[in-house]
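Heads up, model_11.cif below (mmCIF, C-alpha atoms):
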data_work
loop_
_atom_site.label_atom_id
_atom_site.label_comp_id
_atom_site.auth_asym_id
_atom_site.auth_seq_id
_atom_site.Cartn_x
_atom_site.Cartn_y
_atom_site.Cartn_z
CA MET V 1 99.17 108.38 1.22
CA THR V 2 101.95 110.15 3.11
CA LYS V 3 103.96 113.32 2.57
CA LYS V 4 107.05 111.15 2.23
CA GLN V 5 105.47 109.28 -0.71
CA LEU V 6 104.59 112.56 -2.44
CA GLU V 7 108.12 113.86 -1.95
CA GLU V 8 109.56 110.63 -3.36
CA SER V 9 107.31 110.79 -6.44
CA ALA V 10 108.24 114.44 -7.04
CA GLN V 11 111.95 113.81 -6.50
CA TYR V 12 111.94 111.01 -9.08
CA LEU V 13 110.43 113.47 -11.60
CA ARG V 14 112.87 116.25 -10.71
CA ASN V 15 115.72 113.82 -11.26
CA LYS V 16 114.32 113.17 -14.74
CA GLY V 17 114.37 116.92 -15.47
CA PHE V 18 110.88 118.07 -14.44
CA ASP V 19 112.16 121.53 -13.54
CA TYR V 20 109.59 123.47 -11.47
CA PRO V 21 106.63 123.55 -13.89
CA GLU V 22 104.29 126.54 -13.62
CA ILE V 23 101.10 124.97 -14.98
CA GLY V 24 99.59 121.49 -14.60
CA ILE V 25 97.25 120.21 -17.31
CA VAL V 26 94.94 117.17 -17.15
CA LEU V 27 93.83 115.83 -20.53
CA GLY V 28 90.52 113.98 -20.73
CA THR V 29 89.22 111.10 -22.83
CA GLY V 30 90.20 111.52 -26.49
CA LEU V 31 92.01 114.80 -25.73
CA GLY V 32 95.69 113.85 -25.74
CA LYS V 33 97.08 115.83 -28.68
CA LEU V 34 97.94 119.03 -26.82
CA VAL V 35 101.32 117.41 -26.11
CA ASP V 36 102.12 117.51 -29.85
CA HIS V 37 102.54 121.29 -29.46
CA MET V 38 105.06 121.02 -26.60
CA GLU V 39 108.80 121.53 -26.98
CA SER V 40 111.75 119.98 -25.10
CA THR V 41 109.54 117.23 -23.72
CA ILE V 42 110.51 114.75 -21.03
CA ILE V 43 108.23 111.73 -20.56
CA ALA V 44 107.66 109.75 -17.37
CA HIS V 45 105.46 106.66 -17.69
CA TYR V 46 103.11 106.24 -14.76
CA HIS V 47 104.35 102.73 -14.01
CA ASN V 48 107.86 104.11 -13.38
CA ILE V 49 106.86 106.90 -10.98
CA PRO V 50 107.02 105.79 -7.33
CA PHE V 51 103.58 105.36 -5.71
CA PHE V 52 101.72 106.42 -8.90
CA PRO V 53 98.60 104.46 -9.83
CA LEU V 54 98.48 102.83 -13.27
CA ALA V 55 96.03 103.85 -16.02
CA THR V 56 93.89 100.84 -16.96
CA VAL V 57 91.66 102.41 -19.64
CA GLU V 58 92.85 101.55 -23.12
CA PHE V 59 92.37 105.07 -24.53
CA HIS V 60 94.23 106.71 -21.63
CA SER V 61 97.94 106.49 -22.33
CA GLY V 62 99.42 106.82 -18.86
CA LYS V 63 102.22 109.39 -19.21
CA LEU V 64 103.28 112.48 -17.33
CA ILE V 65 104.91 114.84 -19.82
CA TYR V 66 107.04 117.88 -18.98
CA GLY V 67 107.93 120.54 -21.51
CA ILE V 68 107.56 124.06 -22.82
CA LEU V 69 104.24 125.31 -24.17
CA GLU V 70 103.73 128.98 -25.09
CA ASN V 71 106.98 129.79 -23.23
CA LYS V 72 105.64 128.28 -20.02
CA LYS V 73 106.96 125.23 -18.22
CA VAL V 74 104.06 122.78 -18.08
CA VAL V 75 103.46 119.26 -16.83
CA VAL V 76 100.70 117.35 -18.60
CA MET V 77 98.78 114.27 -17.49
CA GLN V 78 98.12 112.28 -20.65
CA GLY V 79 95.69 109.78 -19.17
CA ARG V 80 93.88 110.21 -15.87
CA PHE V 81 92.43 107.87 -13.26
CA HIS V 82 88.78 107.15 -12.56
CA LEU V 83 86.76 105.61 -9.75
CA TYR V 84 85.21 103.24 -12.31
CA GLU V 85 88.60 101.58 -12.76
CA GLY V 86 88.46 100.48 -9.14
CA TYR V 87 90.65 103.27 -7.76
CA GLU V 88 90.12 105.11 -4.50
CA PHE V 89 89.73 108.90 -4.38
CA ASN V 90 93.32 109.25 -3.15
CA ASP V 91 94.57 107.34 -6.21
CA VAL V 92 92.54 109.47 -8.62
CA THR V 93 93.90 112.70 -7.16
CA TYR V 94 97.46 111.62 -6.31
CA PRO V 95 98.89 113.12 -9.54
CA ILE V 96 97.39 116.53 -8.69
CA ARG V 97 99.22 116.49 -5.37
CA VAL V 98 102.45 115.42 -7.09
CA MET V 99 102.19 118.23 -9.66
CA HIS V 100 101.63 120.67 -6.80
CA GLU V 101 104.68 119.23 -5.02
CA LEU V 102 106.65 119.89 -8.23
CA GLY V 103 105.65 123.55 -8.01
CA ILE V 104 102.66 124.20 -10.30
CA LYS V 105 100.76 127.43 -9.56
CA LYS V 106 97.69 126.82 -11.75
CA LEU V 107 95.75 123.80 -13.01
CA PHE V 108 93.92 123.31 -16.33
CA ILE V 109 91.50 120.37 -16.60
CA SER V 110 89.64 118.96 -19.60
CA ASN V 111 87.14 116.12 -19.93
CA ALA V 112 84.68 114.58 -22.33
CA ALA V 113 81.09 114.90 -21.12
CA GLY V 114 77.48 114.41 -22.17
CA ALA V 115 75.25 117.46 -22.70
CA ILE V 116 72.27 117.45 -20.33
CA ASN V 117 71.30 121.01 -21.26
CA LEU V 118 69.51 120.53 -24.57
CA ASN V 119 70.55 124.00 -25.75
CA PHE V 120 74.10 122.62 -25.91
CA LYS V 121 75.16 120.58 -28.93
CA LYS V 122 77.54 117.71 -29.59
CA GLY V 123 80.93 119.24 -30.38
CA ASP V 124 80.44 122.33 -28.17
CA ILE V 125 82.85 123.15 -25.37
CA MET V 126 81.52 124.03 -21.91
CA LEU V 127 83.39 126.09 -19.36
CA ILE V 128 82.67 124.49 -15.98
CA GLU V 129 81.52 127.21 -13.58
CA ASP V 130 80.29 124.93 -10.79
CA HIS V 131 79.82 121.24 -10.13
CA ILE V 132 77.75 118.61 -8.34
CA ASN V 133 79.53 115.64 -6.77
CA LEU V 134 77.50 112.41 -7.16
CA GLN V 135 80.49 110.10 -6.80
CA GLY V 136 79.55 109.05 -3.27
CA GLY V 137 82.68 110.24 -1.49
CA SER V 138 85.44 112.81 -1.17
CA PRO V 139 89.21 112.82 -1.79
CA LEU V 140 89.53 114.66 1.54
CA ALA V 141 87.78 111.98 3.61
CA PHE V 142 90.81 110.20 5.04
CA LYS V 143 92.34 110.08 8.52
CA ASN V 144 95.52 112.11 8.07
CA VAL V 145 94.08 114.77 5.74
CA ALA V 146 95.17 117.46 8.23
CA ASP V 147 98.79 116.65 7.30
CA PHE V 148 98.08 118.05 3.83
CA GLY V 149 95.85 121.05 4.57
CA ILE V 150 92.65 122.06 6.34
CA ARG V 151 89.93 119.41 6.57
CA PHE V 152 86.90 121.61 5.89
CA VAL V 153 87.68 123.20 2.53
CA ASP V 154 85.48 126.04 1.33
CA MET V 155 83.92 125.29 -2.08
CA SER V 156 81.88 128.46 -2.62
CA GLN V 157 84.02 129.29 -5.69
CA PRO V 158 85.82 126.11 -6.80
CA TYR V 159 86.74 127.40 -10.29
CA ASP V 160 88.98 130.43 -10.79
CA ILE V 161 86.93 133.41 -11.99
CA GLY V 162 89.86 135.22 -13.61
CA MET V 163 90.94 132.28 -15.80
CA GLY V 164 87.30 131.56 -16.65
CA LYS V 165 86.84 135.15 -17.82
CA LYS V 166 89.97 134.91 -19.98
CA ILE V 167 88.73 131.64 -21.57
CA LYS V 168 85.43 133.35 -22.48
CA GLU V 169 87.29 136.29 -24.04
CA ILE V 170 89.53 133.93 -26.03
CA ALA V 171 86.54 131.90 -27.28
CA ALA V 172 84.77 135.07 -28.45
CA ARG V 173 87.93 136.29 -30.19
CA GLU V 174 88.58 132.95 -31.90
CA ASN V 175 84.92 132.31 -32.86
CA ILE V 176 84.77 129.17 -30.72
CA THR V 177 81.32 128.23 -29.41
CA LEU V 178 81.77 128.17 -25.62
CA GLN V 179 78.91 127.28 -23.33
CA SER V 180 79.16 127.58 -19.56
CA GLY V 181 77.40 125.63 -16.87
CA VAL V 182 77.33 123.03 -14.13
CA TYR V 183 79.14 119.70 -14.46
CA VAL V 184 77.89 116.69 -12.52
CA SER V 185 80.29 113.86 -11.80
CA VAL V 186 79.01 110.29 -11.49
CA VAL V 187 80.88 107.04 -10.88
CA GLY V 188 80.18 105.18 -14.15
CA PRO V 189 81.39 103.37 -16.16
CA GLN V 190 77.88 102.67 -17.46
CA LEU V 191 76.15 105.59 -19.17
CA GLU V 192 72.97 107.02 -17.71
CA THR V 193 69.38 105.83 -18.09
CA ARG V 194 66.60 108.10 -19.32
CA ALA V 195 65.37 108.52 -15.75
CA GLU V 196 68.87 109.41 -14.55
CA TYR V 197 69.26 112.07 -17.25
CA ARG V 198 65.91 113.57 -16.17
CA MET V 199 67.05 113.58 -12.53
CA LEU V 200 70.38 115.23 -13.39
CA LYS V 201 68.58 117.97 -15.31
CA ILE V 202 66.21 118.58 -12.39
CA ILE V 203 69.06 119.02 -9.91
CA GLY V 204 70.72 121.62 -12.12
CA ALA V 205 73.34 119.82 -14.22
CA ASP V 206 74.26 121.03 -17.71
CA ALA V 207 76.74 118.23 -18.46
CA VAL V 208 77.62 114.85 -17.00
CA GLY V 209 80.90 112.95 -16.79
CA MET V 210 82.92 110.54 -14.66
CA SER V 211 85.94 112.59 -13.61
CA THR V 212 87.22 116.08 -12.74
CA VAL V 213 85.35 116.80 -9.50
CA PRO V 214 87.77 114.93 -7.19
CA GLU V 215 90.70 116.69 -8.90
CA VAL V 216 89.04 120.08 -8.43
CA ILE V 217 88.33 119.38 -4.75
CA VAL V 218 91.99 118.56 -4.18
CA ALA V 219 93.10 121.63 -6.14
CA ASN V 220 91.00 123.73 -3.78
CA HIS V 221 92.51 121.88 -0.81
CA LEU V 222 95.93 122.95 -2.15
CA ASN V 223 94.80 126.55 -2.86
CA LEU V 224 95.56 125.85 -6.52
CA PRO V 225 93.53 128.01 -8.97
CA VAL V 226 91.77 125.74 -11.45
CA VAL V 227 89.98 126.18 -14.78
CA ALA V 228 88.10 123.28 -16.39
CA VAL V 229 86.34 122.67 -19.69
CA SER V 230 84.16 119.84 -20.98
CA VAL V 231 84.15 118.76 -24.60
CA LEU V 232 80.51 117.76 -25.15
CA THR V 233 80.57 114.47 -27.03
CA ASP V 234 76.89 113.45 -26.99
CA GLU V 235 73.44 114.92 -26.39
CA CYS V 236 71.57 113.35 -23.49
CA ASP V 237 67.94 113.89 -24.45
CA PRO V 238 65.89 111.36 -22.46
CA ASP V 239 62.91 111.71 -24.81
CA HIS V 240 64.98 110.83 -27.89
CA LEU V 241 67.75 108.70 -26.41
CA LYS V 242 69.80 106.55 -28.76
CA PRO V 243 72.56 104.11 -27.84
CA VAL V 244 75.98 105.77 -27.61
CA HIS V 245 79.20 103.87 -28.20
CA ILE V 246 82.51 104.89 -26.66
CA SER V 247 84.08 104.94 -30.15
CA GLU V 248 81.63 107.72 -31.14
CA ILE V 249 82.53 109.69 -28.01
CA ILE V 250 86.24 109.40 -28.83
CA GLU V 251 85.55 110.49 -32.43
CA VAL V 252 83.62 113.62 -31.42
CA ALA V 253 86.26 114.46 -28.80
CA GLY V 254 88.95 114.17 -31.49
CA LYS V 255 87.09 116.50 -33.85
CA THR V 256 86.53 119.13 -31.15
CA GLU V 257 89.98 118.79 -29.59
CA PRO V 258 91.69 121.48 -31.77
CA LYS V 259 89.33 124.10 -30.30
CA MET V 260 90.11 123.02 -26.75
CA ILE V 261 93.85 123.10 -27.54
CA LYS V 262 93.44 126.63 -28.94
CA LEU V 263 91.69 127.79 -25.76
CA PHE V 264 94.35 126.29 -23.47
CA MET V 265 97.30 127.56 -25.54
CA GLU V 266 95.90 131.09 -25.78
CA LEU V 267 95.19 131.06 -22.03
CA LEU V 268 98.78 129.97 -21.36
CA ARG V 269 100.03 132.80 -23.55
CA GLU V 270 98.02 135.36 -21.58
CA LEU V 271 98.94 134.21 -18.09
#
Could you express the structure from this file as structure tokens?
Amino acid sequence: MTKKQLEESAQYLRNKGFDYPEIGIVLGTGLGKLVDHMESTIIAHYHNIPFFPLATVEFHSGKLIYGILENKKVVVMQGRFHLYEGYEFNDVTYPIRVMHELGIKKLFISNAAGAINLNFKKGDIMLIEDHINLQGGSPLAFKNVADFGIRFVDMSQPYDIGMGKKIKEIAARENITLQSGVYVSVVGPQLETRAEYRMLKIIGADAVGMSTVPEVIVANHLNLPVVAVSVLTDECDPDHLKPVHISEIIEVAGKTEPKMIKLFMELLREL
């Protein structure tokens, strides 16, 4: 990855009409319908954007969408990239750097995750207040990282406190059940064993997923305030573990999605 590549990707999008978006939004598994609320949309398919990776997961659509949402210029990733698809950390986080190059000042992230904390229920939303990286690497561990920012990025407060506080206020006002906790990111794509769920609980995780953490690390590298929420699609109780199918995860995500959309749209309105 070079600065020249990032500039070329961003210039292609500007030429298409991506006019200095204020907010970047990453939509997780089964959470693509926020774009239905956007106006004056312009779509760029990943395979047409110079140096962009391609989405290989069938339920991730692979589009970068620019438009107006709650009177804000936004750019939305409909479909993200994962290590389990065979990508490197730089591939997974390249779109975050491109959105920053386009001019975004804040980043919203969503994902589908499993509830490790047994007080949380399937269909709840969790505000991510901290995370644990179990993906075995870092999106900042490359030779020319100093060209893009400082190498040793502070992660004492990776998630923006102000936006998190606003999300909590919105949830209370709208009667949306909002948990908060620690998200742990693993490689996947296999789901966890009973023993792994027990380990994750012991080390302090409230929810587990296969994304988000690399994107948040890069956002912090770019001094980009970030807020992230998990839609909890299954309950990971090692003592009563039942097989989970990806179709069920997508279904629960779809049912909970309107609440996540409400939170993001109200947050946009208040920024």
List, as a PDB file with C-alpha atoms, keeping the file's coordinate frame, every residue that the PyMOL selection byres ((chain V and resi 203-206) around 7) selects in the file provided.
ATOM      1  CA  ALA V 115      75.250 117.460 -22.700  1.00  0.00           C
ATOM      2  CA  ILE V 116      72.270 117.450 -20.330  1.00  0.00           C
ATOM      3  CA  ASN V 117      71.300 121.010 -21.260  1.00  0.00           C
ATOM      4  CA  GLY V 181      77.400 125.630 -16.870  1.00  0.00           C
ATOM      5  CA  VAL V 182      77.330 123.030 -14.130  1.00  0.00           C
ATOM      6  CA  TYR V 183      79.140 119.700 -14.460  1.00  0.00           C
ATOM      7  CA  VAL V 184      77.890 116.690 -12.520  1.00  0.00           C
ATOM      8  CA  MET V 199      67.050 113.580 -12.530  1.00  0.00           C
ATOM      9  CA  LEU V 200      70.380 115.230 -13.390  1.00  0.00           C
ATOM     10  CA  LYS V 201      68.580 117.970 -15.310  1.00  0.00           C
ATOM     11  CA  ILE V 202      66.210 118.580 -12.390  1.00  0.00           C
ATOM     12  CA  ALA V 207      76.740 118.230 -18.460  1.00  0.00           C
TER      13      ALA V 207
END
(message) Just want the 6 Å neighbourhood of Ile68 of chain V, counted on all atoms listed in the file, with same-chain residues fewer than 4 positions away dropped. Output as a ChimeraX atom specification.
(response) /V:38-39,72-73
(message) When the PyMOL selection byres ((chain V and resi 71) around 12) is applied to the structure above, which residues does it catch, written out as a list in words?
(response) Pro21, Glu22, Ile23, His37, Met38, Glu39, Ser40, Gly67, Ile68, Leu69, Glu70, Lys72, Lys73, Val74, Met265, Glu266, Leu267, Leu268, Arg269, Glu270 and Leu271 of chain V
Please produce a file of those selected residues containing C-alpha atoms, as a PDB file, keeping the file's coordinate frame.
ATOM      1  CA  PRO V  21     106.630 123.550 -13.890  1.00  0.00           C
ATOM      2  CA  GLU V  22     104.290 126.540 -13.620  1.00  0.00           C
ATOM      3  CA  ILE V  23     101.100 124.970 -14.980  1.00  0.00           C
ATOM      4  CA  HIS V  37     102.540 121.290 -29.460  1.00  0.00           C
ATOM      5  CA  MET V  38     105.060 121.020 -26.600  1.00  0.00           C
ATOM      6  CA  GLU V  39     108.800 121.530 -26.980  1.00  0.00           C
ATOM      7  CA  SER V  40     111.750 119.980 -25.100  1.00  0.00           C
ATOM      8  CA  GLY V  67     107.930 120.540 -21.510  1.00  0.00           C
ATOM      9  CA  ILE V  68     107.560 124.060 -22.820  1.00  0.00           C
ATOM     10  CA  LEU V  69     104.240 125.310 -24.170  1.00  0.00           C
ATOM     11  CA  GLU V  70     103.730 128.980 -25.090  1.00  0.00           C
ATOM     12  CA  LYS V  72     105.640 128.280 -20.020  1.00  0.00           C
ATOM     13  CA  LYS V  73     106.960 125.230 -18.220  1.00  0.00           C
ATOM     14  CA  VAL V  74     104.060 122.780 -18.080  1.00  0.00           C
ATOM     15  CA  MET V 265      97.300 127.560 -25.540  1.00  0.00           C
ATOM     16  CA  GLU V 266      95.900 131.090 -25.780  1.00  0.00           C
ATOM     17  CA  LEU V 267      95.190 131.060 -22.030  1.00  0.00           C
ATOM     18  CA  LEU V 268      98.780 129.970 -21.360  1.00  0.00           C
ATOM     19  CA  ARG V 269     100.030 132.800 -23.550  1.00  0.00           C
ATOM     20  CA  GLU V 270      98.020 135.360 -21.580  1.00  0.00           C
ATOM     21  CA  LEU V 271      98.940 134.210 -18.090  1.00  0.00           C
TER      22      LEU V 271
END
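Across the structure, atom CA of Lys255 of chain V and atom CA of His240 of chain V are spaced 23.6 Å apart.
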(message) Quick check, in Å to one decimal: how far apart do atom CA of Asn48 of chain V and atom CA of Arg14 of chain V lie?
(response) 13.4 Å
Show me, as JSON lines, the residues of segment 27-107 of chain V having an atom within 12 Å of segment 141-145 of chain V, each with the closest atom pair and its distance in Å, using only C-alpha atoms.
{"residue": "V:Glu88", "atom": "CA", "partner": "V:Phe142", "partner_atom": "CA", "distance": 10.8}
{"residue": "V:Phe89", "atom": "CA", "partner": "V:Ala141", "partner_atom": "CA", "distance": 8.8}
{"residue": "V:Asn90", "atom": "CA", "partner": "V:Phe142", "partner_atom": "CA", "distance": 8.6}
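Considering the residues V:Val229, V:Ala253, V:Leu107, V:Leu102 and counting all atoms listed in the file, Glu8 of chain V has its shortest atom-to-atom contact with V:Leu102.
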(message) With distances taken over only C-alpha atoms, which residue among V:His131, V:Arg80, V:Lys165, V:Lys3 lies nearest Leu31 of chain V?
(response) V:Arg80
(message) For a quick check of understanding, using all atoms listed in the file, which of V:Thr193, V:Ser230, V:Gln78, V:Thr212 has the smallest distance to Lys242 of chain V?
(response) V:Thr193
(request) Could you expand the PyMOL selection byres ((chain V and resi 219) around 9) into the explicit residues it covers here, written as a list in words? (result) Ile96, Arg97, His100, Lys106, Leu107, Pro158, Pro214, Glu215, Val216, Ile217, Val218, Asn220, His221, Leu222, Asn223, Leu224, Pro225 and Val226 of chain V
(request) Excluding Lys168 of chain V and residues on its chain fewer than 6 positions from it, collect all residues at most 12 Å away from it, counting all atoms listed in the file, and give them as an MDAnalysis selection string. (result) chainID V and resid 125:129 161:162 174:180 227 229 263:264 266:267
(request) Give the answer as one residue: which of V:Glu169, V:Met260, V:Ser156, V:Gly86 has the shortest atom-to-atom distance to Leu27 of chain V, using all atoms listed in the file? (result) V:Met260
(request) Do a neighbour search on Thr233 of chain V at 6 Å with only C-alpha atoms, toss out local chain neighbours closer than 2 positions, and write the hits as number ranges by chain. (result) V: 113-114, 122-123, 249, 252-253
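Taking atom CA of Ile42 of chain V and atom CA of Gly254 of chain V as endpoints, the distance between them is 24.0 Å.
Minimum atom-to-atom distance to Glu248 of chain V, evaluated using all atoms listed in the file, belongs to V:Leu232 out of V:Ile170, V:Val92, V:Leu232, V:Ala10.
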(message) For a cutoff of 12 Å around the file-coordinate point (111.8, 107.2, -11.0), which residues qualify once you count all atoms listed in the file? I'd like the result as number ranges by chain.
(response) V: 7-18, 43-52, 64
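Among V:Phe148, V:Phe120, V:Phe108, V:Tyr94, the residue with the shortest atom-to-atom distance to Ala228 of chain V, counting all atoms listed in the file, is V:Phe108.
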